[in-house]
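Shown here: coords.txt, compact mmCIF, C-alpha atoms and all ligand atoms.
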```
# COMPACT_ATOMS: atom_id res chain seq x y z
CA MET A 17 97.72 42.98 147.21
CA GLY A 18 97.65 44.64 143.76
CA VAL A 19 100.51 42.43 142.52
CA PHE A 20 98.99 39.29 143.89
CA SER A 21 95.71 39.58 142.04
CA ILE A 22 93.42 36.76 142.91
CA PHE A 23 91.05 39.62 143.73
CA PRO A 24 89.66 41.88 140.99
CA PRO A 25 90.52 45.61 141.34
CA ARG A 26 88.85 47.34 144.25
CA ALA A 27 86.97 50.43 143.25
CA SER A 28 84.30 50.95 145.88
CA THR A 29 84.10 51.46 149.61
CA THR A 30 82.48 48.06 150.08
CA ALA A 31 85.13 46.28 148.04
CA VAL A 32 87.67 46.75 150.83
CA GLN A 33 85.22 45.52 153.46
CA VAL A 34 84.10 42.51 151.45
CA ASP A 35 87.71 41.54 150.80
CA ALA A 36 88.54 41.83 154.50
CA LEU A 37 85.74 39.38 155.33
CA TYR A 38 86.80 37.14 152.47
CA THR A 39 90.39 37.14 153.65
CA PHE A 40 89.22 36.21 157.13
CA LEU A 41 87.26 33.25 155.72
CA LEU A 42 90.30 32.18 153.69
CA ILE A 43 92.57 32.36 156.74
CA VAL A 44 90.18 30.37 158.93
CA ALA A 45 89.73 27.77 156.18
CA GLY A 46 93.51 27.68 155.61
CA ILE A 47 94.28 27.13 159.29
CA MET A 48 91.64 24.40 159.57
CA THR A 49 92.96 22.62 156.48
CA ALA A 50 96.54 22.80 157.74
CA LEU A 51 95.47 21.54 161.17
CA ILE A 52 93.60 18.56 159.76
CA PHE A 53 96.45 17.59 157.45
CA PHE A 54 98.97 17.96 160.27
CA CYS A 55 96.90 15.66 162.50
CA VAL A 56 96.45 13.06 159.77
CA PHE A 57 100.18 12.83 159.12
CA PHE A 58 101.28 13.26 162.73
CA PHE A 59 99.05 10.46 164.01
CA ALA A 60 99.87 8.21 161.07
CA VAL A 61 103.55 8.47 161.84
CA ARG A 62 103.41 8.64 165.63
CA TYR A 63 101.09 5.69 166.13
CA ARG A 64 102.03 3.47 163.24
CA ARG A 65 102.46 -0.24 164.00
CA LYS A 66 106.23 -0.74 164.07
CA ASN A 67 106.35 -4.53 164.41
CA GLN A 68 104.08 -7.14 162.98
CA ASP A 69 103.64 -8.75 166.43
CA ASP A 70 102.88 -5.52 168.41
CA PRO A 71 99.42 -5.76 169.94
CA ALA A 72 96.74 -3.56 168.32
CA PRO A 73 96.27 -0.42 170.50
CA LYS A 74 93.10 0.03 172.52
CA ALA A 75 90.42 2.24 170.97
CA ILE A 76 89.54 5.45 172.85
CA HIS A 77 85.86 6.13 173.48
CA GLY A 78 85.38 9.88 173.55
CA SER A 79 86.57 12.68 175.75
CA LEU A 80 84.09 15.21 177.05
CA PRO A 81 86.48 18.20 177.30
CA LEU A 82 87.74 17.51 173.77
CA GLU A 83 84.23 17.31 172.37
CA ILE A 84 83.17 20.52 174.09
CA ALA A 85 86.29 22.29 172.84
CA TRP A 86 85.84 21.31 169.21
CA SER A 87 82.15 22.22 169.29
CA VAL A 88 82.40 25.55 171.08
CA PHE A 89 85.40 27.07 169.29
CA PRO A 90 84.15 26.49 165.74
CA PHE A 91 80.74 27.73 166.84
CA LEU A 92 82.22 30.98 168.10
CA ILE A 93 84.20 31.40 164.89
CA MET A 94 81.01 30.79 162.87
CA LEU A 95 79.22 33.43 164.91
CA VAL A 96 81.92 35.94 164.03
CA MET A 97 81.48 35.07 160.32
CA PHE A 98 77.74 35.41 160.63
CA ALA A 99 77.74 38.74 162.46
CA TRP A 100 80.37 40.20 160.15
CA GLY A 101 78.55 38.99 157.02
CA ALA A 102 75.15 40.19 158.26
CA LYS A 103 76.54 43.62 159.05
CA LEU A 104 77.94 44.01 155.52
CA TYR A 105 74.74 42.68 154.02
CA PHE A 106 72.49 45.15 155.77
CA GLN A 107 74.85 47.99 155.04
CA ASN A 108 74.83 47.26 151.30
CA TYR A 109 71.09 46.72 151.04
CA THR A 110 70.15 49.93 152.85
CA PRO A 111 70.91 52.96 150.71
CA PRO A 112 71.52 56.24 152.56
CA LEU A 113 68.34 58.32 152.63
CA HIS A 114 69.82 61.57 151.36
CA ASP A 115 72.22 62.80 148.71
CA THR A 116 72.32 59.62 146.69
CA PHE A 117 72.77 59.86 142.95
CA ASP A 118 70.04 57.64 141.50
CA ILE A 119 70.65 55.53 138.42
CA TYR A 120 67.93 53.45 136.81
CA VAL A 121 69.00 50.19 135.24
CA THR A 122 66.80 47.91 133.16
CA GLY A 123 67.93 44.41 132.23
CA LYS A 124 66.67 43.10 128.92
CA GLN A 125 67.72 40.04 126.91
CA TRP A 126 70.65 40.68 126.38
CA MET A 127 71.71 44.13 127.43
CA TRP A 128 71.75 46.60 130.31
CA LYS A 129 69.87 49.85 129.66
CA VAL A 130 70.94 52.68 131.93
CA GLN A 131 69.05 55.93 132.47
CA TYR A 132 69.99 59.01 134.49
CA PRO A 133 67.58 61.49 136.04
CA THR A 134 69.17 64.14 133.82
CA GLY A 135 68.07 62.26 130.72
CA GLN A 136 71.20 60.50 129.50
CA ARG A 137 70.58 56.98 128.35
CA GLU A 138 73.17 54.38 127.65
CA ILE A 139 73.29 50.75 126.74
CA ASN A 140 75.92 48.55 128.35
CA GLU A 141 77.71 51.65 129.63
CA MET A 142 77.39 53.38 132.95
CA HIS A 143 79.06 56.50 134.32
CA VAL A 144 79.40 57.22 138.02
CA PRO A 145 81.27 59.77 140.15
CA THR A 146 83.73 58.95 142.91
CA GLY A 147 82.99 59.90 146.48
CA ARG A 148 79.23 60.00 146.24
CA PRO A 149 76.74 57.27 147.15
CA VAL A 150 75.06 55.94 144.01
CA LYS A 151 71.71 54.23 144.39
CA LEU A 152 70.71 51.72 141.74
CA ILE A 153 67.07 51.03 140.98
CA LEU A 154 67.11 47.76 139.07
CA ALA A 155 64.28 46.50 136.88
CA SER A 156 63.90 43.75 134.31
CA GLU A 157 61.98 43.81 131.06
CA ASP A 158 61.80 40.03 130.73
CA VAL A 159 63.56 37.37 132.82
CA ILE A 160 65.74 37.31 135.92
CA HIS A 161 69.16 38.85 135.37
CA SER A 162 71.83 39.69 137.88
CA PHE A 163 73.70 42.99 137.83
CA TYR A 164 77.31 42.31 138.64
CA ILE A 165 80.30 44.65 138.94
CA PRO A 166 83.18 42.61 140.38
CA ALA A 167 85.34 45.68 141.04
CA PHE A 168 82.63 47.06 143.33
CA ARG A 169 81.95 43.64 144.90
CA LEU A 170 78.36 44.31 143.89
CA LYS A 171 75.96 41.68 142.63
CA HIS A 172 72.22 41.91 142.77
CA ASP A 173 69.50 39.86 141.09
CA VAL A 174 67.19 41.85 138.85
CA VAL A 175 63.72 40.40 139.02
CA PRO A 176 60.87 41.08 136.57
CA GLY A 177 57.84 42.68 138.17
CA SER A 178 59.63 44.37 141.04
CA TYR A 179 62.38 46.84 141.80
CA GLN A 180 65.59 45.98 143.53
CA THR A 181 67.68 48.69 145.08
CA TYR A 182 71.32 48.60 146.00
CA TRP A 183 73.97 51.20 146.54
CA PHE A 184 77.70 51.72 146.36
CA GLU A 185 80.25 54.47 146.52
CA ALA A 186 83.01 54.31 143.91
CA THR A 187 86.51 55.24 145.00
CA GLU A 188 88.90 54.69 142.07
CA PRO A 189 88.47 56.32 138.65
CA GLY A 190 88.73 53.77 135.86
CA ARG A 191 86.73 51.42 133.68
CA TYR A 192 85.39 48.20 135.12
CA HIS A 193 83.38 45.28 133.81
CA ILE A 194 79.62 44.98 134.18
CA LEU A 195 78.37 41.42 133.81
CA CYS A 196 75.14 39.50 134.02
CA ALA A 197 75.53 36.80 136.65
CA GLU A 198 72.27 34.93 136.16
CA TYR A 199 71.83 32.62 133.18
CA CYS A 200 69.19 34.41 131.11
CA GLY A 201 69.08 32.70 127.72
CA THR A 202 71.10 32.18 124.53
CA ASN A 203 73.27 35.29 124.61
CA HIS A 204 73.64 35.52 128.38
CA SER A 205 77.42 35.43 128.06
CA ASP A 206 77.38 38.56 125.87
CA MET A 207 75.29 40.52 128.33
CA GLY A 208 77.72 42.93 129.86
CA GLY A 209 79.40 46.27 129.52
CA TRP A 210 81.53 48.82 131.27
CA VAL A 211 81.14 51.21 134.12
CA THR A 212 83.29 54.34 133.94
CA VAL A 213 84.19 55.85 137.28
CA MET A 214 85.01 59.56 137.03
CA LYS A 215 86.25 62.32 139.33
CA PRO A 216 83.27 64.45 140.44
CA ASN A 217 84.24 67.36 138.12
CA ASP A 218 84.56 65.14 135.06
CA PHE A 219 81.30 63.51 135.94
CA GLU A 220 79.48 66.85 136.19
CA ARG A 221 80.82 67.74 132.76
CA TRP A 222 79.69 64.41 131.37
CA LEU A 223 76.25 64.84 132.90
CA ALA A 224 75.85 68.28 131.35
CA GLY A 225 76.21 66.75 127.87
CA ASP A 226 73.37 66.57 125.34
CA THR A 227 70.24 64.65 126.19
CA GLY A 228 66.85 64.11 124.65
CA GLY A 229 65.19 65.78 127.62
CA SER A 230 65.71 64.79 131.24
CA MET A 231 64.13 61.65 132.62
CA ARG A 232 61.70 63.92 134.41
CA GLU A 233 60.73 65.64 131.15
CA GLN A 234 60.27 62.32 129.42
CA GLY A 235 58.19 61.18 132.38
CA GLU A 236 56.09 64.30 132.16
CA LYS A 237 55.39 63.57 128.48
CA LEU A 238 54.24 60.07 129.38
CA PHE A 239 52.16 61.53 132.19
CA GLN A 240 50.22 63.47 129.56
CA GLN A 241 50.27 60.74 126.95
CA TYR A 242 48.69 58.16 129.28
CA GLY A 243 46.13 60.62 130.58
CA CYS A 244 47.40 60.60 134.15
CA VAL A 245 47.22 64.37 134.04
CA THR A 246 43.45 64.44 133.43
CA CYS A 247 42.80 62.75 136.76
CA HIS A 248 45.70 63.69 138.94
CA VAL A 249 46.04 67.35 138.02
CA THR A 250 43.01 68.78 136.26
CA ASP A 251 40.28 66.75 138.00
CA ARG A 252 38.38 69.19 140.14
CA GLU A 253 35.92 66.82 141.76
CA GLY A 254 38.39 65.38 144.22
CA ARG A 255 37.99 61.84 142.99
CA CYS A 256 41.72 61.44 142.57
CA PRO A 257 44.54 62.18 144.98
CA SER A 258 47.02 64.91 144.18
CA LEU A 259 50.49 63.50 143.59
CA LEU A 260 52.21 66.51 145.15
CA ASN A 261 54.44 65.45 148.03
CA VAL A 262 53.36 61.83 147.82
CA PHE A 263 56.77 60.41 147.09
CA GLY A 264 58.90 59.57 150.11
CA ASN A 265 56.04 60.19 152.52
CA PRO A 266 53.72 57.81 154.34
CA VAL A 267 50.40 57.03 152.63
CA VAL A 268 47.38 55.84 154.59
CA LEU A 269 45.50 53.09 152.73
CA ASP A 270 41.81 52.30 152.90
CA ASP A 271 42.50 49.03 154.71
CA GLY A 272 44.11 51.00 157.53
CA ARG A 273 47.74 50.20 156.69
CA THR A 274 50.31 52.93 156.23
CA VAL A 275 53.01 52.49 153.61
CA VAL A 276 55.84 54.73 152.51
CA ALA A 277 55.56 55.83 148.88
CA ASP A 278 58.82 54.56 147.42
CA GLU A 279 59.65 53.54 143.85
CA ALA A 280 58.00 50.14 144.25
CA TYR A 281 54.82 51.72 145.63
CA VAL A 282 54.47 54.13 142.70
CA ARG A 283 55.15 51.33 140.25
CA GLU A 284 52.44 49.20 141.82
CA SER A 285 50.04 52.14 141.96
CA ILE A 286 50.42 52.50 138.19
CA LEU A 287 50.36 48.85 137.16
CA ASN A 288 47.81 47.58 139.63
CA PRO A 289 46.08 50.51 141.37
CA ASN A 290 43.67 48.30 143.30
CA ALA A 291 46.47 46.54 145.18
CA LYS A 292 46.85 49.53 147.52
CA VAL A 293 44.06 52.10 147.44
CA VAL A 294 44.59 55.44 149.13
CA LYS A 295 42.23 56.09 152.02
CA GLY A 296 39.25 58.19 150.99
CA TYR A 297 39.38 57.19 147.30
CA LYS A 298 37.49 54.52 145.38
CA HIS A 299 38.65 51.27 143.81
CA ASP A 300 38.46 50.84 140.04
CA ILE A 301 38.64 54.52 139.10
CA MET A 302 42.26 54.51 138.06
CA PRO A 303 42.79 52.31 135.00
CA VAL A 304 45.13 49.31 135.23
CA PHE A 305 48.25 50.06 133.18
CA GLN A 306 49.73 46.56 133.43
CA GLY A 307 51.28 45.60 130.09
CA GLN A 308 50.90 49.07 128.55
CA ILE A 309 53.98 50.95 129.74
CA SER A 310 57.54 49.70 129.21
CA GLU A 311 59.86 49.29 132.18
CA GLU A 312 61.86 52.28 130.99
CA GLY A 313 58.70 54.36 130.68
CA LEU A 314 57.67 53.36 134.21
CA LEU A 315 61.00 54.53 135.56
CA GLN A 316 60.56 57.88 133.79
CA LEU A 317 57.06 58.25 135.23
CA ILE A 318 58.46 57.48 138.66
CA VAL A 319 61.13 60.16 138.32
CA TYR A 320 58.38 62.59 137.35
CA VAL A 321 56.25 61.62 140.36
CA LYS A 322 59.37 61.99 142.53
CA SER A 323 59.90 65.49 141.17
CA LEU A 324 56.48 66.46 142.52
CA SER A 325 57.91 65.97 146.00
CA PRO A 326 60.85 68.33 146.21
CA PRO A 327 63.16 67.45 149.09
CA ALA A 328 62.66 69.61 152.16
CA PRO A 329 65.08 72.55 152.11
CA ARG A 330 68.23 71.61 153.93
CA SER A 331 70.34 73.90 156.07
CA GLY A 332 72.37 76.50 154.18
CA LYS A 333 71.18 75.88 150.63
CA SER A 334 68.05 77.70 149.56
CA ALA A 335 65.50 75.55 147.78
CA ALA A 336 62.08 76.30 146.37
CA PRO A 337 59.51 76.00 149.14
CA ALA A 338 57.76 72.63 148.98
CA PRO A 339 54.17 72.96 147.75
CA LYS A 340 51.62 71.93 150.35
CA ALA A 341 49.90 68.61 149.79
CA ASN A 342 46.62 68.51 147.92
CA PRO A 343 45.66 72.08 147.14
CA LYS A 344 42.04 71.10 146.38
CU CU B 1 71.02 38.54 131.87
```

In structure tokens, write the structure found in this file.
Ligand SMILES: [Cu+2]
Amino acid sequence: MGVFSIFPPRASTTAVQVDALYTFLLIVAGIMTALIFFCVFFFAVRYRRKNQDDPAPKAIHGSLPLEIAWSVFPFLIMLVMFAWGAKLYFQNYTPPLHDTFDIYVTGKQWMWKVQYPTGQREINEMHVPTGRPVKLILASEDVIHSFYIPAFRLKHDVVPGSYQTYWFEATEPGRYHILCAEYCGTNHSDMGGWVTVMKPNDFERWLAGDTGGSMREQGEKLFQQYGCVTCHVTDREGRCPSLLNVFGNPVVLDDGRTVVADEAYVRESILNPNAKVVKGYKHDIMPVFQGQISEEGLLQLIVYVKSLSPPAPRSGKSAAPAPKANPK
């Protein structure tokens, strides 16, 4: 298939699966096209009027078995396409819960800004390891963009005001195009870059390079700068919830609903705290930060809030014991 390259290179686990489905669609479409053309020509030749004075043939008015056959078979084939497509869709939109490497991507007219939990920041460049699920948290600073890496068969709209998540696992080291696939203004066509896929060892070395403080450290700075710390850490009157072990766990709200504190929840809690108020706490105490913190800053704050919920120790490896929720 490499020689015959109507397909871009395949560098992720999904690429192979997407291409298999695509090939199936091409084959079905090819067979149908061939069949229709064959019938057109066959009938034109077979039933042509040989002599001017031959009587015109009688028209046929339907055939029940034929109609059933050409309704049921295409329907079954469509169902296969649907089930296959839906399976791939759900698989790609549901990141694995554990052991993902998280990368935070912000679209901005007209560039992709990429941040790593370890603090590296890049513009129009992204580095990922092979053999490890990478989860993307996609945000936009301005308009709708679409994050597109053809070699990974990955394309996801990036919508202002919300987070999109997607995941992939790269398989082939190399450099592949990143594009924006949603028209986003004058320089849309220049909005793109490169993703570098590296062997795990090379990637570790790259990650260990110089940074201006990890994303968590930068988030912690913002946490102090915006005064979050005065309420969420030093407040002794219990007016504000502790943020320890909030992330990734269910939160009971004052309207009785229970939501899981994911990236989108923390983002909303910061920008519009009254949208979901934690049970037992009051509305209108936490200030509304809408319009005050950049998308990149929000992502750093989120990484910091995440770091307050260390993952439960997993078998074998020793990890620091998780602090108990709300020590007040
Ligand atoms: Cu764009």

Exercise. Could you pull the residues within 8 Å of Leu223 in chain A, counting all atoms listed in the file, minus those fewer than 2 positions along the same chain, as an MDAnalysis selection string?
Worked result: chainID A and resid 134 136 219:221 225

Pull the closest atom pair for each residue of chain A that gets at most 6 Å from ligand CU 1 (chain B), along with the distance in Å to one decimal, counting only C-alpha atoms and all ligand atoms, ordering rows by chain and then ascending residue number, as a tab-separated table.
```
residue	atom	partner	partner_atom	distance
A:Trp126	CA	B:CU1	CU	5.9
A:His161	CA	B:CU1	CU	4.0
A:Cys196	CA	B:CU1	CU	4.7
A:Glu198	CA	B:CU1	CU	5.7
A:Cys200	CA	B:CU1	CU	4.6
A:His204	CA	B:CU1	CU	5.3
A:Met207	CA	B:CU1	CU	5.9
```

Exercise. Residues at most 12 Å from Asn217 in chain A, counting all atoms listed in the file, excluding those fewer than 6 positions away in the same chain, as a list in words?
Worked result: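 Close residues of Asn217 in chain A: Val144, Pro145, Thr146, Gly147, Pro189, Leu223 and Ala224 of chain A.
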
For this session: Considering all atoms listed in the file, return as a PyMOL selection string whatever protein or nucleic-acid residues lie within 12 Å of Phe40 in chain A, sequence-local ones (same chain, fewer than 5 positions apart) excluded.
Result: chain A and resi 33-35+45-47+93-94+96-97+100-101

Exercise. Got a sec: who's within 7 Å of Pro111 in chain A, counting only C-alpha atoms, leaving out chain neighbours fewer than 2 positions off, as a PyMOL selection string?
Worked result: chain A and resi 108-109+113+151+182-183

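In this structure, CA of Ile153 in chain A sits 21.0 Å away from CA of Pro289 in chain A.
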
Exercise. Which residues come within 9 Å of Gln131 in chain A, counting only C-alpha atoms, excluding same-chain residues fewer than 6 positions away, as an NGL selection string?
Worked result: :A and (119-122 or 137-139 or 142 or 231 or 312 or 315-316)

For this session: Can you work out which one of A:Val245, A:Ile309, A:Val275, A:Ile318 has the shortest atom-to-atom distance to Leu287 in chain A, counting all atoms listed in the file?
Result: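 The answer is A:Ile309, which sits nearest to Leu287 in chain A.
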
Seminar exercise, completed: As a check of understanding: the span from CA of Gly78 in chain A to CA of Cys55 in chain A is 17.0 Å

Problem set entry | For Ile194 in chain A, the nearest of the candidates A:Asn140, A:Gln107, A:Ser230, A:Gln308, counting all atoms listed in the file |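 For Ile194 in chain A, the nearest of the candidates is A:Asn140.
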
Problem set entry | Point-to-point distance from CA of Arg283 in chain A to CA of Tyr242 in chain A, Å rounded to tenths |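 Pair CA of Arg283 in chain A / CA of Tyr242 in chain A returns 14.4 Å.
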
Exercise. Nearest to Glu311 in chain A: which of A:Pro81, A:Pro133, A:Pro176, A:Gly229 is it, counting only C-alpha atoms?
Worked result: A:Pro176

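Considering all atoms listed in the file, the residue among A:Phe184, A:Asn290, A:Gly254, A:Lys66 positioned nearest to Leu170 in chain A is A:Phe184.
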
Problem set entry | Shortest interatomic distance to Trp222 in chain A - which of A:Thr116, A:His143, A:Gln241, A:Ile286, counting all atoms listed in the file |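 The answer is A:His143, which sits nearest to Trp222 in chain A.
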
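The smallest atom-to-atom distance between Thr30 in chain A and any of A:Phe263, A:Phe106, A:Tyr132, A:Tyr199, using all atoms listed in the file, is found for A:Phe106.
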
Exercise. Could you list as a PyMOL selection string every residue that has an atom within 8 Å of (73.7, 43.9, 139.5), using the file's coordinates and counting all atoms listed in the file?
Worked result: chain A and resi 154+161-165+170-174+195-197

Using only the atoms of range 237-252 of chain A listed in the file, plus 8 Å on each side, state the axis-aligned box centre and edge lengths in Å rounded to one decimal, as AutoDock Vina command-line options.
```
--center_x 46.9 --center_y 63.7 --center_z 133.5 --size_x 33.0 --size_y 27.0 --size_z 29.2
```
